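Taking it in order: structure first as structure tokens, then the write-up.
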Amino acid sequence: MTKAWSILPDEWKPILTERGLRAFRADQILQALYRDYITDWDQATTLPKDFRETLKTEFPLTRAETLDVSESADGTKKLLIGFDDGQAVETVLIPATGRFTQCISTQVGCAMGCAFCASGAQGVVRSLTADEIVAEYMAGRRLGEITNIVVMGMGEPFANYDETLRALKLINAGRGPNLGARHITLSTCGVVPGFARLADEGIQFELSVSLHAPNDALRSQLMPVNRRWPLDELLAACAAYTERTKRIITFEYTVIKGVNDSRACAEELARQVRRVPMAKVNLIPLSPVAHRPDFQTPDEATMMMFLDVLMKHHVQTMLRRSRGRDANAACGQLRLRHLTKRA
């Protein structure tokens, strides 16, 4: 049994032929899935009833139920998506002028254990399959025209590489959702083997790296992954990736009051980033999470100081405003709330 949302558009005709089914139905299937946004094969009324019954058996649609919705005053909306095994992940919809961005999860929970992230507070339960990742996208797409995807939700994409890439290729496919590769960004906390694998794909996805500290001592405290792949190894992999792909890497740096927000940290960050050609930095003020009350959001003056230091070092930098804080939009918070309610 193959889930419908795991099949790439060009695979439908061969798969139907192989099963003795009418291959010309492939175009109608794609229309139903990615233009009509069906949630049940019975909604595909252009297909004969007996064929719909076959599709239900052979190529079922992944059930993805919206269990909870949290909406911010700024329009950011977080959905908690539940699957048949009782597990749930978050996806966030972020409106902006001319853009509607969806933040996608790739695992239930996360094994990376970053100190300030609610996703890792309960560890990792399992990885999502490609069809479940696409089901997340479809849940968001039914609420509006998605212009961008950032794979920055729950989980580490490079720890679920094959299923994540298959889902993104499907979302990118011209006869599928047809979202441009440059409108899809993967984010990794620094799983170094994933860089070469992604470069081998030859797809122009954007790549983002969660840095959050400018040296090994501090980064290892905040991000245990640094003990496996320290900064020298990580930055070398980043430099090799940009050289091979000619694509810019974005370094994400979450600023935490009293932890990594000093001028010395800003100066050191600038020196580290300049080791990577074609790199830029996104500065993000921390969204507080309940399990770490000691971590606080920095003030505006600190953020502006950080921005000023990086720009004086000729580092391309963007100051990102935290969105959806009143909607539990920081990664993992809505699922944590849901688990607490169930407990």
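How things are named: the first chain in the structure tokens is A, the next is B, and so on; residues count from 1 in each chain; ligands count from 1 in the order shown.
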
List every residue of region 91-115 of chain A that has an atom at most 12 Å from any atom of region 206-221 of chain A, and for each one report the closest atom pair and its distance in Å to one decimal, counting only C-alpha atoms, with rows sorted by chain and then by increasing residue number, as a tab-separated table.
residue	atom	partner	partner_atom	distance
A:Met112	CA	A:Ser220	CA	11.4
A:Gly113	CA	A:Gln221	CA	10.2
A:Cys114	CA	A:Gln221	CA	8.6
A:Ala115	CA	A:Gln221	CA	7.7

Exercise. For CA of Thr97 (chain A) and CA of Glu145 (chain A), quote the distance in Å rounded to one decimal.
Key: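 CA of Glu145 (chain A) lies at a distance of 12.9 Å from CA of Thr97 (chain A).
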
Quiz prompt | For region 308-310 of chain A: contacts at 9 Å, only C-alpha atoms, fewer than 4 positions along chain excluded, given as a list of chain:residue names | solution =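 Once the nearby chain positions are removed, what remains is A:Arg263, A:Ala266, A:Glu267, A:Leu269, A:Ala270, A:Val281, A:Met303, A:Met304, A:His314, A:Val315, A:Gln316, A:Thr317.
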
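Neighbours of region 165-172 of chain A closer than or equal to 8 Å, with only C-alpha atoms counted and sequence neighbours fewer than 3 positions away skipped, come out as Ser6, Ile7, Leu8, Pro9, Ala130, Asp131, Ile133, Val134, Tyr161, Asp162, Gly176, Pro177, Asn178, Leu179, Gly180, Ala181 and Ile184 of chain A.
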
Quiz item: What's the 12 Å shell around Gly98 (chain A), counting only C-alpha atoms, without same-chain residues fewer than 2 positions away, as a VMD selection string?
Solution: chain A and resid 94 to 96 100 to 101 145 to 148

May I have the residues within 7 Å of region 271-278 of chain A as a PDB file with N, CA and C atoms, in the first residue's frame, using only C-alpha atoms and disregarding those fewer than 3 positions away in the same chain?
ATOM      1  N   PRO A 214      28.928  31.885  18.945  1.00  0.00           N
ATOM      2  CA  PRO A 214      30.077  32.130  18.080  1.00  0.00           C
ATOM      3  C   PRO A 214      31.313  31.305  18.404  1.00  0.00           C
ATOM      4  N   LEU A 235      31.709  24.924   9.823  1.00  0.00           N
ATOM      5  CA  LEU A 235      31.952  26.049   8.925  1.00  0.00           C
ATOM      6  C   LEU A 235      32.700  25.608   7.670  1.00  0.00           C
ATOM      7  N   CYS A 238      30.066  24.229   5.474  1.00  0.00           N
ATOM      8  CA  CYS A 238      29.288  25.340   4.909  1.00  0.00           C
ATOM      9  C   CYS A 238      30.035  25.992   3.750  1.00  0.00           C
ATOM     10  N   ALA A 239      31.333  26.218   3.944  1.00  0.00           N
ATOM     11  CA  ALA A 239      32.139  26.839   2.890  1.00  0.00           C
ATOM     12  C   ALA A 239      32.194  25.953   1.650  1.00  0.00           C
ATOM     13  N   THR A 242      28.792  26.196  -0.218  1.00  0.00           N
ATOM     14  CA  THR A 242      28.604  27.414  -1.012  1.00  0.00           C
ATOM     15  C   THR A 242      29.492  27.408  -2.249  1.00  0.00           C
ATOM     16  N   ILE A 248      23.826  30.922  -1.414  1.00  0.00           N
ATOM     17  CA  ILE A 248      24.079  31.573  -0.132  1.00  0.00           C
ATOM     18  C   ILE A 248      23.568  30.688   1.008  1.00  0.00           C
ATOM     19  N   ILE A 249      24.321  30.639   2.094  1.00  0.00           N
ATOM     20  CA  ILE A 249      23.871  30.006   3.336  1.00  0.00           C
ATOM     21  C   ILE A 249      23.460  31.109   4.307  1.00  0.00           C
ATOM     22  N   GLU A 267      31.163  40.436  17.900  1.00  0.00           N
ATOM     23  CA  GLU A 267      32.432  40.555  17.174  1.00  0.00           C
ATOM     24  C   GLU A 267      32.937  39.173  16.743  1.00  0.00           C
ATOM     25  N   GLU A 268      32.844  38.199  17.649  1.00  0.00           N
ATOM     26  CA  GLU A 268      33.310  36.852  17.334  1.00  0.00           C
ATOM     27  C   GLU A 268      32.434  36.200  16.264  1.00  0.00           C
TER      28      GLU A 268
END

Practice problem: Could you tell me, as a PyMOL selection string, which residues of region 183-236 of chain A DSSP assigns to strand (DSSP E) when given the backbone? | Solution: chain A and resi 184-188+206-210

Practice problem: Report the distance between CA of Val151 (chain A) and CA of Ile104 (chain A) in Å, rounded to one decimal place. | Solution: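 So the two atoms, CA of Val151 (chain A) and CA of Ile104 (chain A), lie 4.8 Å apart.
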
Practice problem: Check the smallest atom-to-atom distance from each of A:Leu319, A:Ala111, A:Ala135, A:Ala121 to Phe83 (chain A) using only C-alpha atoms, then report the winner. | Solution: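 The answer is A:Ala135, which sits nearest to Phe83 (chain A).
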
Exercise. Mind the document's chain letters and residue numbers, and return as a list in words the residues of region 214-245 of chain A that DSSP labels helix (DSSP H, G or I).
Key: Asp216, Ala217, Leu218, Arg219, Ser220, Gln221, Leu222, Val225, Asn226, Arg227, Arg228, Leu231, Asp232, Glu233, Leu234, Leu235, Ala236, Ala237, Cys238, Ala239, Ala240, Tyr241, Thr242, Glu243, Arg244 and Thr245 of chain A

Quiz item: Any idea what's packed within 8 Å of region 47-50 of chain A, counting only C-alpha atoms, ignoring anything in its chain fewer than 5 positions away? Could you give it as a list in words?
Solution: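 Counting only C-alpha atoms, the residues come to Arg25, Gln28 and Asp42 of chain A.
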
Restricting it to N, CA and C atoms, dump the selection as a PDB file, in the first residue's frame.
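That gives us again_27.pdb:
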ATOM      1  N   ARG A  25      -5.680   8.250 -16.204  1.00  0.00           N
ATOM      2  CA  ARG A  25      -6.312   8.833 -15.024  1.00  0.00           C
ATOM      3  C   ARG A  25      -5.314   9.651 -14.188  1.00  0.00           C
ATOM      4  N   GLN A  28      -6.012  13.357 -13.917  1.00  0.00           N
ATOM      5  CA  GLN A  28      -7.174  13.658 -13.085  1.00  0.00           C
ATOM      6  C   GLN A  28      -6.832  13.517 -11.600  1.00  0.00           C
ATOM      7  N   ASP A  42     -13.371  10.364  -2.298  1.00  0.00           N
ATOM      8  CA  ASP A  42     -14.752  10.558  -2.749  1.00  0.00           C
ATOM      9  C   ASP A  42     -15.005  11.974  -3.251  1.00  0.00           C
TER      10      ASP A  42
END

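Among the candidate residues A:Phe205, A:Trp229, A:Phe251, A:Phe158, the one lying nearest to Ala279 (chain A) is A:Phe251, with distances computed using only C-alpha atoms.
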
Self-check item: Atomic separation - CA of Ala4 (chain A) relative to CA of Thr57 (chain A), Å
Solution: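 Between CA of Thr57 (chain A) and CA of Ala4 (chain A) the gap is 10.6 Å.
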
Practice problem: Check the smallest atom-to-atom distance from each of A:Leu222, A:Asp200, A:Thr66, A:Gly174 to Arg292 (chain A) using only C-alpha atoms, then report the winner. | Solution: A:Leu222

Exercise. Give the answer as one residue: which of A:Ser287, A:Thr17, A:Thr46, A:Asn260 has the shortest atom-to-atom distance to Phe306 (chain A), using only C-alpha atoms?
Key: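 Once distances to Phe306 (chain A) are computed over only C-alpha atoms, the minimum belongs to A:Asn260.
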